[in-house]
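Engineer: Below is query15.txt; it holds compact mmCIF, C-alpha atoms.
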```txt
# COMPACT_ATOMS: atom_id res chain seq x y z
CA MET Z 1 -70.08 168.19 11.08
CA ARG Z 2 -70.34 171.59 12.79
CA ARG Z 3 -72.10 169.97 15.74
CA ILE Z 4 -69.25 167.45 16.16
CA TYR Z 5 -66.71 170.29 16.06
CA ILE Z 6 -68.62 172.19 18.76
CA MET Z 7 -68.88 169.08 20.95
CA LEU Z 8 -65.15 168.36 20.58
CA SER Z 9 -64.33 171.99 21.41
CA LEU Z 10 -66.49 171.84 24.54
CA CYS Z 11 -64.86 168.58 25.64
CA LEU Z 12 -61.42 170.12 25.16
CA LEU Z 13 -62.41 173.16 27.23
CA VAL Z 14 -63.70 170.94 30.04
CA LEU Z 15 -60.51 168.84 30.03
CA THR Z 16 -58.31 171.95 30.01
CA ALA Z 17 -60.24 173.53 32.90
CA SER Z 18 -60.03 170.25 34.83
CA ALA Z 19 -56.24 170.02 34.30
CA GLN Z 20 -55.79 173.64 35.41
CA SER Z 21 -57.89 173.00 38.50
CA ASP Z 22 -55.89 169.85 39.34
CA ALA Z 23 -52.58 171.71 38.94
CA CYS Z 24 -53.73 174.62 41.12
CA SER Z 25 -55.00 172.28 43.83
CA TRP Z 26 -51.73 170.33 43.69
CA SER Z 27 -49.66 173.51 43.96
CA LYS Z 28 -51.68 174.87 46.89
CA SER Z 29 -51.54 171.52 48.70
CA ARG Z 30 -47.72 171.70 48.67
CA ALA Z 31 -47.60 168.03 47.64
CA TRP Z 32 -44.43 168.97 45.75
CA ALA Z 33 -42.62 170.43 48.78
CA ASN Z 34 -41.42 167.30 50.62
CA GLY Z 35 -41.38 169.21 53.90
CA PHE Z 36 -39.70 172.31 52.47
CA THR Z 37 -41.35 175.23 54.28
CA GLN Z 38 -39.03 178.20 53.61
CA GLY Z 39 -40.45 179.05 50.21
CA LYS Z 40 -43.56 179.17 48.06
CA PRO Z 41 -44.19 179.70 44.34
CA HIS Z 42 -44.51 183.31 43.21
CA LYS Z 43 -47.82 184.05 41.47
CA SER Z 44 -45.97 184.28 38.13
CA VAL Z 45 -45.19 180.54 38.14
CA ASN Z 46 -47.05 178.57 35.47
CA VAL Z 47 -48.56 175.96 37.81
CA GLU Z 48 -49.79 173.73 34.96
CA GLU Z 49 -46.25 173.49 33.59
CA PHE Z 50 -44.83 173.03 37.10
CA TRP Z 51 -47.27 170.17 37.71
CA SER Z 52 -46.46 168.61 34.33
CA GLN Z 53 -42.68 168.83 34.69
CA TYR Z 54 -42.79 167.60 38.30
CA HIS Z 55 -44.75 164.50 37.28
CA LYS Z 56 -42.50 163.80 34.29
CA ASN Z 57 -39.38 163.81 36.49
CA PRO Z 58 -40.46 163.48 40.15
CA ASN Z 59 -37.11 162.23 41.49
CA GLN Z 60 -35.32 165.37 40.32
CA TRP Z 61 -37.86 167.71 41.94
CA TYR Z 62 -38.04 165.58 45.09
CA THR Z 63 -34.24 165.79 45.39
CA LEU Z 64 -34.28 169.58 44.90
CA PHE Z 65 -36.88 170.23 47.58
CA THR Z 66 -35.23 167.75 49.97
CA TRP Z 67 -31.92 169.61 49.60
CA LEU Z 68 -33.61 172.98 50.12
CA ARG Z 69 -35.41 171.62 53.19
CA ASP Z 70 -32.21 170.24 54.76
CA THR Z 71 -29.85 173.13 53.95
CA ASP Z 72 -29.30 176.32 55.95
CA LEU Z 73 -29.90 178.66 53.03
CA GLN Z 74 -28.76 181.73 54.95
CA ALA Z 75 -25.45 180.24 56.08
CA ILE Z 76 -24.35 178.14 53.10
CA PRO Z 77 -21.34 179.78 51.40
CA LYS Z 78 -21.89 181.43 48.04
CA GLY Z 79 -20.75 179.42 45.06
CA LYS Z 80 -21.72 176.18 43.35
CA HIS Z 81 -22.89 173.23 45.45
CA PRO Z 82 -23.59 169.80 43.90
CA ILE Z 83 -26.85 168.39 45.22
CA PRO Z 84 -26.21 164.84 46.50
CA ASN Z 85 -27.72 161.87 44.66
CA SER Z 86 -28.33 163.91 41.51
CA THR Z 87 -26.71 165.78 38.65
CA LEU Z 88 -28.18 169.04 39.97
CA VAL Z 89 -25.99 171.92 41.10
CA ALA Z 90 -27.23 174.77 43.31
CA SER Z 91 -25.66 178.12 42.58
CA VAL Z 92 -25.76 180.29 45.72
CA GLU Z 93 -25.52 183.88 44.53
CA ASP Z 94 -24.92 186.94 46.71
CA SER Z 95 -25.30 189.82 44.28
CA SER Z 96 -27.31 192.93 43.49
CA ASN Z 97 -30.09 193.93 41.16
CA GLN Z 98 -28.99 196.22 38.32
CA THR Z 99 -30.62 198.70 35.99
CA LEU Z 100 -32.60 197.12 33.18
CA GLU Z 101 -30.06 198.22 30.57
CA LYS Z 102 -27.34 196.14 32.26
CA ARG Z 103 -29.38 192.94 32.36
CA ASN Z 104 -29.60 190.29 29.62
CA THR Z 105 -32.70 188.61 28.30
CA GLU Z 106 -32.71 184.83 28.10
CA SER Z 107 -34.61 181.64 27.51
CA HIS Z 108 -33.54 178.01 27.50
CA LYS Z 109 -34.55 174.88 25.60
CA LYS Z 110 -33.02 172.09 27.71
CA LYS Z 111 -33.18 173.51 31.21
CA ILE Z 112 -35.66 175.11 33.58
CA ASP Z 113 -34.52 178.02 35.74
CA PHE Z 114 -35.55 177.51 39.36
CA GLN Z 115 -34.74 180.60 41.43
CA LEU Z 116 -35.45 180.95 45.14
CA VAL Z 117 -34.98 184.38 46.70
CA VAL Z 118 -33.45 183.85 50.15
CA ARG Z 119 -32.67 187.46 51.10
CA GLY Z 120 -33.82 190.81 49.69
CA THR Z 121 -36.18 191.42 46.78
CA GLU Z 122 -35.27 190.46 43.22
CA GLY Z 123 -36.73 192.18 40.18
CA PHE Z 124 -37.76 190.08 37.18
CA ALA Z 125 -39.33 190.61 33.78
CA LEU Z 126 -41.24 188.35 31.40
CA LEU Z 127 -41.06 189.28 27.74
CA ASP Z 128 -44.03 189.55 25.42
CA HIS Z 129 -43.60 186.96 22.66
CA ALA Z 130 -45.49 188.89 19.98
CA SER Z 131 -43.29 191.99 20.19
CA SER Z 132 -39.94 190.30 20.96
CA THR Z 133 -37.47 189.01 18.39
CA VAL Z 134 -34.36 186.86 18.65
CA SER Z 135 -31.28 189.09 18.92
CA VAL Z 136 -28.70 186.35 19.57
CA PRO Z 137 -29.46 182.90 18.08
CA TYR Z 138 -29.71 179.86 20.30
CA ASP Z 139 -26.36 178.67 21.65
CA GLU Z 140 -26.75 174.93 22.18
CA GLN Z 141 -23.63 174.60 24.32
CA LYS Z 142 -24.77 177.34 26.74
CA ASP Z 143 -28.48 176.54 26.27
CA VAL Z 144 -29.40 180.20 25.91
CA MET Z 145 -31.12 182.50 23.45
CA ARG Z 146 -31.37 186.30 23.73
CA TYR Z 147 -34.03 188.79 22.60
CA ALA Z 148 -34.78 192.33 21.54
CA TYR Z 149 -38.00 193.39 23.28
CA ASP Z 150 -40.47 196.21 23.79
CA LYS Z 151 -40.14 197.51 27.35
CA ASP Z 152 -43.73 198.82 27.31
CA LYS Z 153 -45.05 195.31 26.63
CA THR Z 154 -42.87 193.61 29.24
CA ASP Z 155 -44.27 192.31 32.54
CA PHE Z 156 -42.09 193.50 35.45
CA PHE Z 157 -42.54 192.07 38.94
CA ASN Z 158 -40.73 191.67 42.27
CA VAL Z 159 -40.06 188.43 44.13
CA LYS Z 160 -39.53 188.68 47.88
CA ALA Z 161 -37.47 186.47 50.16
CA GLY Z 162 -39.28 183.18 50.67
CA GLN Z 163 -40.69 183.05 47.14
CA PHE Z 164 -39.43 181.24 44.07
CA VAL Z 165 -39.90 181.57 40.34
CA ILE Z 166 -39.64 178.84 37.72
CA PHE Z 167 -38.84 179.81 34.15
CA PHE Z 168 -39.76 177.17 31.56
CA PRO Z 169 -38.58 177.33 27.90
CA SER Z 170 -41.60 179.46 26.95
CA ASP Z 171 -40.73 182.01 29.66
CA TRP Z 172 -38.44 184.56 28.00
CA HIS Z 173 -37.13 186.45 30.98
CA ILE Z 174 -34.75 188.90 32.63
CA ALA Z 175 -33.47 188.42 36.20
CA LYS Z 176 -31.87 190.73 38.77
CA VAL Z 177 -33.65 193.86 37.55
CA ALA Z 178 -33.42 196.87 39.89
CA THR Z 179 -36.52 197.43 42.01
CA LYS Z 180 -37.77 200.66 43.62
CA LYS Z 181 -36.48 199.49 46.99
CA LYS Z 182 -33.50 201.24 48.60
CA ASP Z 183 -31.58 197.97 49.14
CA GLN Z 184 -30.77 196.07 45.93
CA ASP Z 185 -28.65 193.34 47.58
CA ILE Z 186 -30.02 189.81 47.22
CA ARG Z 187 -29.20 186.19 47.95
CA VAL Z 188 -30.67 183.78 45.41
CA ILE Z 189 -30.43 180.01 44.97
CA VAL Z 190 -30.47 179.09 41.26
CA VAL Z 191 -30.82 175.48 40.10
CA LYS Z 192 -31.00 174.39 36.47
CA MET Z 193 -33.58 171.61 36.26
CA ASP Z 194 -33.94 169.25 33.28
CA TYR Z 195 -36.79 170.11 30.94
CA ILE Z 196 -38.70 167.02 29.79
CA GLU Z 197 -40.64 167.30 26.51
```
I'd like the structure from this file rewritten - as structure tokens, please.

Structural biologist:
Amino acid sequence: MRRIYIMLSLCLLVLTASAQSDACSWSKSRAWANGFTQGKPHKSVNVEEFWSQYHKNPNQWYTLFTWLRDTDLQAIPKGKHPIPNSTLVASVEDSSNQTLEKRNTESHKKKIDFQLVVRGTEGFALLDHASSTVSVPYDEQKDVMRYAYDKDKTDFFNVKAGQFVIFFPSDWHIAKVATKKKDQDIRVIVVKMDYIE
């Protein structure tokens, strides 16, 4: 029995490593991009989840990257812009990073946060699940949950213009966190993508 368990564990490890390798190769190949060249995934993006969600709903992702490819992201007015042939809406935000204390934590169950930094550098944080607790219960109408967290166990990182992040339901995060740069002004394109279980 122990031998069967070991064999099954080894098979699972091989399959997992193969899936991770396939997702990384797919991400690097830019097969997802549909000719969109003005942005690339930040290293924080969970490429296995990106690969999985893309293949569960390819039309939605294809439409997003087509719109990004065909839109002048510097010139488009700030505000909400419906993306043609879809239910997606791009929120073009000209704003500024703020001190950590002024920023809210969040996660979502139904939507994925896609955020492309067009201008400036945006600060982000990913919360540690083990040390974080729910501070505001899930609001189904707004699709948001908030957290109390330990700052010392939080992963802070910067995303430069031309990079995007994707926050899946397991990514408890904070956006628009002040960086050490002098200029905190940013332009960001935010699109809420459907999460497929």

Engineer: Between Z:Thr105, Z:Ser170, Z:Gln163, Z:Ser29, single out the one closest to Z:His129, counting all atoms listed in the file.

Structural biologist: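 Answer, going by the shortest atom-to-atom distance: Z:Ser170.
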
Engineer: What's the 10 Å shell around Z:Leu100, counting only C-alpha atoms, without same-chain residues fewer than 3 positions away, as a ChimeraX atom specification?

Structural biologist: /Z:97,103-105,123-125,151,174-179

Engineer: Of the residues Z:Trp32, Z:Asn85, Z:Lys102, Z:Lys182, which is the one nearest to Z:Pro58, using only C-alpha atoms?

Structural biologist: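 Distance minimum relative to Z:Pro58 lands on Z:Trp32.
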
Engineer: Atom CA of Z:Val47 and atom CA of Z:Ala31, how far apart in Å?

Structural biologist: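 A separation of 12.7 Å between them.
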
Engineer: My list of candidates is Z:Asp152, Z:Val144, Z:Val118, Z:Glu93. Which is closest to Z:Ser131 when distances are computed with only C-alpha atoms?

Structural biologist: Z:Asp152

Engineer: Counting only C-alpha atoms, figure out which residue out of Z:Val92, Z:Ile83, Z:Ala33, Z:Ile112 gets nearest to Z:Glu197.

Structural biologist: Z:Ile112

Engineer: Would you mind reading off the distance between atom CA of Z:Glu48 and atom CA of Z:Lys111, one decimal, in Å?

Structural biologist: 17.0 Å

Engineer: Nearest to Z:Trp61 among Z:Asn158, Z:Gln74, Z:Thr87, Z:Thr37, with distances taken over all atoms listed in the file: which residue is it?

Structural biologist: Z:Thr87

Engineer: Do a neighbour search on stretch 186-189 of chain Z at 7 Å with all atoms listed in the file, toss out local chain neighbours closer than 2 positions, and write the hits as number ranges by chain.

Structural biologist: Z: 90-96, 115-122, 184, 191

Engineer: One number please: atom CA of Z:Phe168 to atom CA of Z:Leu127, in Å, one decimal.

Structural biologist: 12.8 Å

Engineer: Go through Z:Asn46, Z:Asn34, Z:Gln53, Z:Thr154 one by one, measure the shortest atom-to-atom distance of each to Z:Trp67 using all atoms listed in the file, and give the residue with the smallest value.

Structural biologist: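 Nearest to Z:Trp67: Z:Asn34.
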
Engineer: Which neighbours of Z:Val89 fall inside 12 Å, counting all atoms listed in the file, when residues of the same chain fewer than 3 positions from it are skipped, and could you give them as a list in words?

Structural biologist: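 The filter keeps Gln60, Thr63, Leu64, Trp67, Leu68, Gly79, Lys80, His81, Pro82, Ile83, Pro84, Asn85, Ser86, Val92, Asp113, Phe114, Ile189, Val190, Val191, Lys192, Met193 and Asp194 of chain Z.
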